[in-house]
Every structure is written in C-alpha cells, then in structure tokens.
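Before any comments, here is the structure.
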Amino acid sequence: MEDKPSVDDVLRKYGSKIEGQIKTFNENSNYSREYVKFKEEMAPKLTKYEKWAKSLGNIIKLKIAPKDEERIKKQLETAHVDIEPSQALGLSIMAFVSVFILGLLISIAIALINGSITAFPFLFFFLIIVLSAFLFYFVNAYPKRLANSWRLKASSQMVPAILYIVVYMRHTPNLEKAIAFASNHLQYPLSLDFKKVFYDVEIGKFSTIKESLDNYLKTWRDYSIEFIEAFHLIQSSLFEPDEARRVSTLEKTLQVVLDGVYNKMLKFTHNVRSPLTNVYMLGVVLPTLGLALLPLASAMIGDFLKWNHIFILFNLIVPFFVFYLTDKIMTLRPGGYGESELLEKNPLYPKYKSKKPYTKAFLIFLPFFILGLLPLIFQYTPIPELFGLQKDYSFSQLGLGIFGEEKIFDFKQLGNGFVGPFGIGALILSMFIPLGLALSFSMAFKEKTKDLIKEREKTRQLEKEFNNSLFQLGNRIGNGMPPELVFGRVAESSRGLMTEDFFKLVNYNIRQIGMSVERAIFDPKRGAIIYFPSDLIATSMKVLIESSKKGLKIAAISLMSISEYVKNIQKITDRLRDMLAEIVSDMKSNMTFLAPLLSGIVIGLAAMITSILNKLNFAELGGAETAGIGNLGTILQIFDLTKMIPPYYLQIAIGIYIIQIIFILTGTLVMIDSGEDRLEKTSKTGRNLKRGMLLYFITALLATIVLFVLSSVVLGNLV
C-alpha cells in the first residue's frame with residue numbers, strides 16, 4: 001500500500017501553481033534593472049545633475065568635514081542621486097569659478113578696448129560677482145532642494161501607498177508582494193522609493209526586504225512619523241493569529257496616516273500666515289512705496305542713480321528676493337494633493353505642451369512693443385524723416401496750447417547727446433510694453449489651458465460624486481454581479497450626474513469594443529481614465545481590478561474601504577482649504593489689486609514731478625534773491641531735470657516688476673492651495689496677469705493724465 005502524501009508534499013506540488021494563479025504582478029521582474037530604467041525615465045533632471053557632478057565635480061578634489069559629508073550624503077540618498085558629496089561640492093565650486101573668471105575676462109576686455117582703466121565696467125563686474133555667489137549657493141544647496149522636493153512629492157502619495165498595501169494585504173498577507181504591488185501602481189517618486197527597497201536587496205546591501213524597508217523608513221523619521229507608524233502596524237498585522245484582528249489592524253493604518261496628514265497641514269496653515277505677510281510687505285508694499293520717492297530722488301542725486309540701476313534693483317534683485325522668500329515658504333508645506341501625471345495621457349495634453357500659442361502671443365506683443373518704442377524710434381532713427389515727420393512735436397503744435405510749449409517726447413540735449421524722454425507722450429506710449437507683454441502671456445496661457453481646465457472641472461465634479469458611486473459598485477459586486485456588468489448598471493442609476501459619463505464610457509468599451517475591464521479603464525488610447533485624469537479614480541479602479549481577481553467578495557470589501565477613505569480625504573481637503581481661504585484671498589487681492597493700483601499711482605506722481613520740474617525754469621528763478629533765503633539758485637541747482645531718471649524707463653521697469661511679482665506669487669499660492677500643479681499654476685497666472693496689468697495700465701494712464709493736467713493748469717499762470 002502506497003504511503004499517503006504528507007502536507008509538505010502537497011504544498012510543494014501545488015503551492016507554486018496556486019501562487020501563480022493568484023499573483024497580480026510580475027514576480028520575476030528584475031527590480032535592479034527596473035529601478036535604474038525607471039529612474040532614467042521619470043527623473044531626467046536627477047540624471048543630468050549626476051552627469052554634471054561626475055564630470056565637472058571631479059576637476060577639483062575637496063576634502064569635506066565628516067559632519068557635512070554625512071549631511072550631504074543623506075540628502076543625495078534621499079533624492080536618489082548617485083554621486084559622492086565631494087562631487088556635489090566640487091560642482092558648486094566650478095560653477096562659481098567659471099562664471100567669475102568669464103565675467104572678469106569680459107570686464108578686462110571692455111577696459112582694454114576703450115583704452116582706459118576708468119572704462120572698467122564696475123557695475124557689470126559687481127553683478128557677475130553676485131551671480132557667481134548665487135550660483136555657488138544654488139548649486140551647493142541643490143542636493144537639499146532635491147531632497148525637500150522629493151519629500152514633498154512623496155508625502156503627497158503616502159495615503160494612496162498605504163491604501164494599496166492595506167488593500168492587497170487584506171487578502172494576501174505578504175509584505176514583499178504588497179510593496180511590489182504598490183510600487184507598480186504608484187506614481188513617481190514614491191514608486192521609485194519602493195523599487196529602491198528591492199534594489200538595495202538585489203545588490204546585496206540588505207539581506208531581506210524588511211531590513212531594506214526599515215532602513216528606508218529611517219529617512220522619514222524627522223518628517224513623517226505617521227508613515228513609519230503605519231508600516232509598523234502593517235508589519236505587526238502579519239503576526240496577528242486572528243483574521244478579524246489582522247484586518248482591523250490594517251484598517252487602522254489608514255486612519256493613522258490620514259490623521260498625521262491632517263495635523264501637519266493644520267500646523268502649516270497656522271505657520272504660513274506670518275511668512276506670507278512678510279513676503280507681501282517686504283517684496284511688494286515697501287518696494288512699491290519706495291517707487292514714489294524715485295522721481296524726486298533721481299532729480300536730487302542724478303549723478304549716482306541711473307535708470308539701469310532701477311532695472312537691476314526692481315527687475316533682478318527684488319524679484320529674486322521675493323522668489324527666495326516664497327521658496328522658503330513652499331518648503332514648509334508637508335505635501336499635498338498635487339497634479340496628476342494622468343494629465344499627460346489626456347488627448348488634449350499636446351495642446352497644453354504646444355509652442356504655437358507662444359508664437360501667436362509674440363505676434364500680439366510685437367505691435368505693443370513697437371508702439372512703446374516709438375519715442376526712441378523717432379529720436380534715434382531716420383524713419384520719421386522718411387515720412388516727412390519731425391522728431392518731436394510740442395503740445396501747441398498739436399493744438400493743445402493749454403499745456404504750453406512742452407514736447408510730446410521731450411528729449412533734452414546734453415553735450416553732444418540726448419537724455420530722456422521726459423514727455424508725457426513718451427510715458428503713455430511706454431505703458432504699452434508691459435501691457436502687451438502681460439496680455440500676450442495671458443492669451444497664450446489661456447489658449448494652452450482652457451480646454452484642459454474644463455476637463456479638470458469635470459473630473460473634480462466626478463470626484464465629488466464618486467464616493468456614492470463607489471458604494472454602489474461595492475454593493476452590486478458584493479451581491480455577485482461581475483465587474484463587466486456592474487458599470488452599465490451603475491451608469492443607469494447615475495443619470496444626470498458626471499459619474500454617468502465615466503461609467504457609460506467604461507461600459508461602452510467593454511460591450512461595444514470587447515475590451516477587458518482593465519483595458520476599458522486604462523487603455524492608453526481609448527481608456528476612460530484619460531478623459532478623467534484623477535489619482536483618486538485611478539487608484540479606486542486599480543484596486544477594483546486587482547482585488548476582483550481574488551474574488552467578488554474581496555473586491556466589494558476593498559471598494560467599501562476606498563469609499564470610506566474618499567470620504568475622509570474629502571473632509572480633510574475641504575477643512576484645510578477653508579482654513580487657507582483667508583490667506584489665499586488676501587494674497588490674491590494684494591497681488592492683482594493693491595500692488596498694481598499703488599504702482600499706477602506712482603507713475604502718475606512721476607509724471608507730475610517731471611512736468612513741474614520741466615515747466616519751472618530754474619535757471620531764471622535762480623537769479624532772483626529772496627528775502628531770508630539767500631541765493632535760490634544754489635538750492636534749485638539740485639533739481640536738474642537732465643540728471644533725473646526719465647519716467648519712460650521708470651514705468652517700463654515697474655510694469656515688468658509687477659509681471660514678475662504676479663508670476664512668483666501666483667505660483668506660491670497654487671503651491672499652498674493645491675500642491676505642485678502645473679496646469680492650475682499656468683491657468684491662474686494667465687488670469688492674474690490679465691487682471692493685474694489691465695488695472696495697472698488703467699490706473700497709471702488716468703493718474704498720469706489727471707496729474708499732468710492738474711500741474712499744467714496750476715503752474716500755467718506762474719511760469
């Protein structure tokens with residue numbers, strides 16, 4: 001009589017077969033090779049930085065203090081950058097040295113060409129030194145920026161990551177396979193982190209997945225304790241003897257992560273108020289108020305303050321200062337719900353990436369730009385003479401004698417050259433340069449984003465309704481209805497809602513085209529998800545597909561869990577946006593209303609001061625003796641109009657400054673409110689540019705005309 005097979009024999013014989021039937025991912029995938037390939041595809045900026053550091057960073061060999069070396073090494077490992085700390089520091093030194101030497105050579109060449117040491121461009125050389133120092137600071141801090149950026153993006157995917165692992169381990173209590181499942185379905189960069197966990201095992205750095213995972217979790221010790229606690233709960237669930245307690249422990253992990261995200265975002269909303277106020281006061285209000293003093297100050301100290309200094313201050317230094325402060329604020333954000341990479345699969349995405357809108361924008365900007373340059377064209381080119389026109393006209397020649405003999409453009413002769421223009425006509429024409437620049441950007445951004453924004457709104461509406469739909473899906477699947485049929489039934493019960501469109505499209509792909517459920521949703525060309533690019537919907541559908549392979553009951557339970565998760569996420573998101581609403585609305589109103597309004601009034605004041613100085617003939621007034629004052633000419637010599645910054649250049653600098661501020665602050669507000677969202681940032685920047693610059697143009701135009709007329713009438717009888 002043959003011996004009966006033992007339990008071990010049966011397990012050896014059928015275990016692999018059963019495992020092959022229930023596995024839901026490619027177990028034989030080479031995670032070492034997959035990690036490297038995935039990193040090159042998803043993180044090109046990291047690999048570019050690596051190439052620069054490995055080439056230029058090796059030119060100068062530096063020895064780093066052990067403490068600094070450990071810090072930089074930790075940052076590089078967090079950002080998945082495969083270079084040595086000495087190479088990172090060497091690259092920053094090379095950036096500083098190369099730019100400094102290039103600037104020095106150019107400066108010496110200029111002095112030699114002009115044949116005099118006095119021709120040495122000290123201002124240019126000073127700016128080169130500042131640029132070199134900035135490059136050293138930026139490149140030296142780049143590993144830290146990469147690490148912070150990585151943490152921000154990864155932390156926004158923590159909840160879906162835990163969700164994937166929990167859903168998988170509900171039916172298959174295997175930590176290794178759960179992490180692999182999550183790494184295959186998550187987006188960059190957390191997917192790359194999980195692949196790195198396998199990579200470190202395969203290259204022999206660690207002997208088990210648990211050791212590699214514990215080492216990875218250490219990187220979150222100072223940033224996300226709840227993420228570590230969630231994984232510890234997941235690991236402890238493997239040792240629970242009772243199935244009900246094991247599932248309960250797994251479900252608790254989701255709540256731990258959700259509570260942690262909520263508490264950190266709550267703290268962020270309180271901490272961000274003061275820095276944002278400082279940014280607005282130091283970067284917007286004070287510079288704008290300081291502008292009011294520039295016209296008079298330039299007339300008094302014209303030998304030291306030129307128009308190019310204003311451009312450097314307001315179009316380089318102040319915007320960089322504002323960007324630096326806002327960048328510091330954005331690093332405080334503990335992650336969020338950023339842009340979905342599914343956006344790139346939308347059929348309308350090529351229009352968003354297209355460069356054609358910029359070509360049209362340039363054609364729109366060109367007439368405005370030429371109009372703004374008319375004073376310079378009339379003065380410095382022979383074009384007016386070709387059409388039989390004068391280089392300049394007075395108001396009396398145009399039939400506006402009330403304004404006297406003042407010129408429209410008003411260039412003043414100084415030695416063998418000219419300075420200016422100081423006229424109100426030139427000032428008004430200069431306003432078209434920043435206006436045209438802002439409108440061209442606004443129109444380009446609108447054309448790029450308008451269709452995708454409509455799709456985004458549809459998707460957001462779908463997400464609001466999706467919780468109830470998930471509950472219906474779970475109920476029907478739990479009653480034994482297969483996924484291939486359930487989408488059509490849910491679509492019928494969702495008539496009039498946005499969810500109807502999504503489920504009808506999935507049902508159409510299944511019934512009319514013969515696709516599987518997975519292809520009907522995720523097919524690269526016809527899948528329903530490309531028309532509704534949402535991480536929430538994609539996560540739910542992936543979980544549905546994978547869990548349904550283990551049985552309808554498991555799929556139903558998984559969908560119920562996701563439904564509860566969606567409800568909690570929506571509550572947290574709404575609560576956080578309520579708390580941030582006051583900050584966001586204040587900054588938006590300041591950016592698109594107060595700053596343009598104040599700047600426009602400043603331009604009017606500059607026009608009035610210039611007009612007053614122009615109408616008062618100080619040379620004649622200075623000859624008179626005034627009782628108690630002495631020689632008035634000695635005092636009035638300081639008000640030399642020819643040394644004053646022309647309002648023409650002042651206005652262009654201020655207009656461009658407003659555009660830069662709108663770009664920077666809009667990006668900051670979008671980051672605070674929505675995380676890293678390029679589509680939202682582009683769309684809102686276009687809208688804010690249009691509103692802010694139209695208000696600035698109208699205010700500056702009215703203030704200039706009104707104050708000029710007022711000064712002309714008041715001084716008309718005195719001059």
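Lettering and numbering for the structure tokens are positional, with chains as A, B, ... in the shown order, residues counted from 1 in each chain, and ligands counted from 1 in the shown order.
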Please provide the set of residues having any atom within 8 Å of stretch 662-673 of chain A, restricted to only C-alpha atoms, with same-chain residues fewer than 5 positions apart removed, written as number ranges by chain. A: 322-323, 326-327, 330, 333, 577, 580, 584, 587-588, 591-592, 680-681, 684-685, 688-689, 692
Kindly export the residues of the current selection with C-alpha atoms, as a PDB file, in the first residue's frame.
ATOM      1  CA  VAL A 322      10.694  87.597  -3.272  1.00  0.00           C
ATOM      2  CA  PHE A 323      11.348  84.266  -5.007  1.00  0.00           C
ATOM      3  CA  THR A 326       8.424  82.279  -1.241  1.00  0.00           C
ATOM      4  CA  ASP A 327      10.646  79.289  -1.987  1.00  0.00           C
ATOM      5  CA  MET A 330       6.887  76.362  -0.091  1.00  0.00           C
ATOM      6  CA  ARG A 333       4.376  72.578   3.028  1.00  0.00           C
ATOM      7  CA  ARG A 577      -8.984  74.814   2.123  1.00  0.00           C
ATOM      8  CA  LEU A 580      -6.299  78.565   3.855  1.00  0.00           C
ATOM      9  CA  VAL A 584      -5.073  82.866  -0.325  1.00  0.00           C
ATOM     10  CA  MET A 587      -2.597  87.486  -1.179  1.00  0.00           C
ATOM     11  CA  LYS A 588      -4.586  87.330  -4.410  1.00  0.00           C
ATOM     12  CA  MET A 591      -1.235  90.868  -5.938  1.00  0.00           C
ATOM     13  CA  THR A 592      -3.908  91.714  -8.505  1.00  0.00           C
ATOM     14  CA  GLU A 680      -3.524  75.219 -12.295  1.00  0.00           C
ATOM     15  CA  LYS A 681      -0.434  77.417 -11.999  1.00  0.00           C
ATOM     16  CA  LYS A 684      -4.201  81.172 -12.793  1.00  0.00           C
ATOM     17  CA  THR A 685      -1.055  83.030 -13.849  1.00  0.00           C
ATOM     18  CA  ASN A 688      -3.971  87.174 -12.765  1.00  0.00           C
ATOM     19  CA  LEU A 689      -1.702  88.766 -15.384  1.00  0.00           C
ATOM     20  CA  GLY A 692      -3.453  92.912 -12.601  1.00  0.00           C
TER      21      GLY A 692
END
I'd like the contact shell of A:Glu582 - 12 Å cut-off, only C-alpha atoms, skipping same-chain residues fewer than 6 positions apart - returned as a PDB file with N, CA and C atoms, in the first residue's frame.
ATOM      1  N   THR A 269      -1.021  75.653   8.061  1.00  0.00           N
ATOM      2  CA  THR A 269      -1.900  76.806   7.842  1.00  0.00           C
ATOM      3  C   THR A 269      -1.670  77.887   8.898  1.00  0.00           C
ATOM      4  N   HIS A 270      -1.277  77.478  10.111  1.00  0.00           N
ATOM      5  CA  HIS A 270      -1.006  78.459  11.157  1.00  0.00           C
ATOM      6  C   HIS A 270       0.370  79.098  10.974  1.00  0.00           C
ATOM      7  N   VAL A 272       2.092  79.488   8.178  1.00  0.00           N
ATOM      8  CA  VAL A 272       2.365  80.136   6.899  1.00  0.00           C
ATOM      9  C   VAL A 272       1.870  81.585   6.858  1.00  0.00           C
ATOM     10  N   ARG A 273       1.020  81.963   7.789  1.00  0.00           N
ATOM     11  CA  ARG A 273       0.440  83.313   7.758  1.00  0.00           C
ATOM     12  C   ARG A 273       1.504  84.397   7.891  1.00  0.00           C
ATOM     13  N   LEU A 276       3.967  84.718   4.838  1.00  0.00           N
ATOM     14  CA  LEU A 276       3.313  85.297   3.659  1.00  0.00           C
ATOM     15  C   LEU A 276       3.110  86.801   3.824  1.00  0.00           C
ATOM     16  N   LEU A 576      -9.085  71.947   5.212  1.00  0.00           N
ATOM     17  CA  LEU A 576      -7.825  72.659   5.021  1.00  0.00           C
ATOM     18  C   LEU A 576      -7.993  73.855   4.099  1.00  0.00           C
ATOM     19  N   LYS A 588      -4.111  87.128  -3.037  1.00  0.00           N
ATOM     20  CA  LYS A 588      -4.586  87.330  -4.410  1.00  0.00           C
ATOM     21  C   LYS A 588      -5.042  88.767  -4.611  1.00  0.00           C
ATOM     22  N   SER A 589      -5.784  89.313  -3.642  1.00  0.00           N
ATOM     23  CA  SER A 589      -6.256  90.687  -3.779  1.00  0.00           C
ATOM     24  C   SER A 589      -5.095  91.677  -3.734  1.00  0.00           C
ATOM     25  N   LEU A 669       0.888  80.722  -4.321  1.00  0.00           N
ATOM     26  CA  LEU A 669      -0.479  80.479  -3.853  1.00  0.00           C
ATOM     27  C   LEU A 669      -1.009  79.140  -4.349  1.00  0.00           C
ATOM     28  N   ASP A 673      -2.172  76.070  -1.940  1.00  0.00           N
ATOM     29  CA  ASP A 673      -3.553  75.597  -2.008  1.00  0.00           C
ATOM     30  C   ASP A 673      -3.672  74.190  -2.571  1.00  0.00           C
TER      31      ASP A 673
END
One number please: atom CA of A:Leu348 to atom CA of A:Arg460, in Å, one decimal. 17.0 Å
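Take the candidates A:Asn271, A:Gln379, A:Thr573, A:Asn315 and check each one against A:Gly283 using only C-alpha atoms; the shortest distance goes to A:Asn315.
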Counting only C-alpha atoms, what are the residues of stretch 183-213 of chain A within 9 Å of stretch 80-97 of chain A, and for each of them which pair of atoms is the nearest and at what distance in Å, to one decimal? Sort the table by chain and rising number, as CSV.
residue,atom,partner,partner_atom,distance
A:Leu192,CA,A:His80,CA,8.8
A:Asp193,CA,A:His80,CA,8.3
A:Lys196,CA,A:His80,CA,8.7
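The residue that comes closest to A:Ala555, out of A:Ile225, A:Val167, A:Leu598, A:Ile433 and on the basis of only C-alpha atoms, is A:Val167.
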Which of stretch 380-564 of chain A end up as strand (DSSP E) when DSSP is run on this backbone - answer as JSON, numbers by chain? {"A": [412, 413, 414, 417, 418, 419]}
Only C-alpha atoms, please: the residues just picked out, written as a PDB file, in the first residue's frame.
ATOM      1  CA  LYS A 412      16.938 117.087 -23.664  1.00  0.00           C
ATOM      2  CA  GLN A 413      20.260 117.813 -25.334  1.00  0.00           C
ATOM      3  CA  LEU A 414      23.223 117.245 -23.051  1.00  0.00           C
ATOM      4  CA  GLY A 417      23.991 113.594 -26.970  1.00  0.00           C
ATOM      5  CA  PHE A 418      20.449 113.475 -25.708  1.00  0.00           C
ATOM      6  CA  VAL A 419      18.818 112.351 -22.455  1.00  0.00           C
TER       7      VAL A 419
END
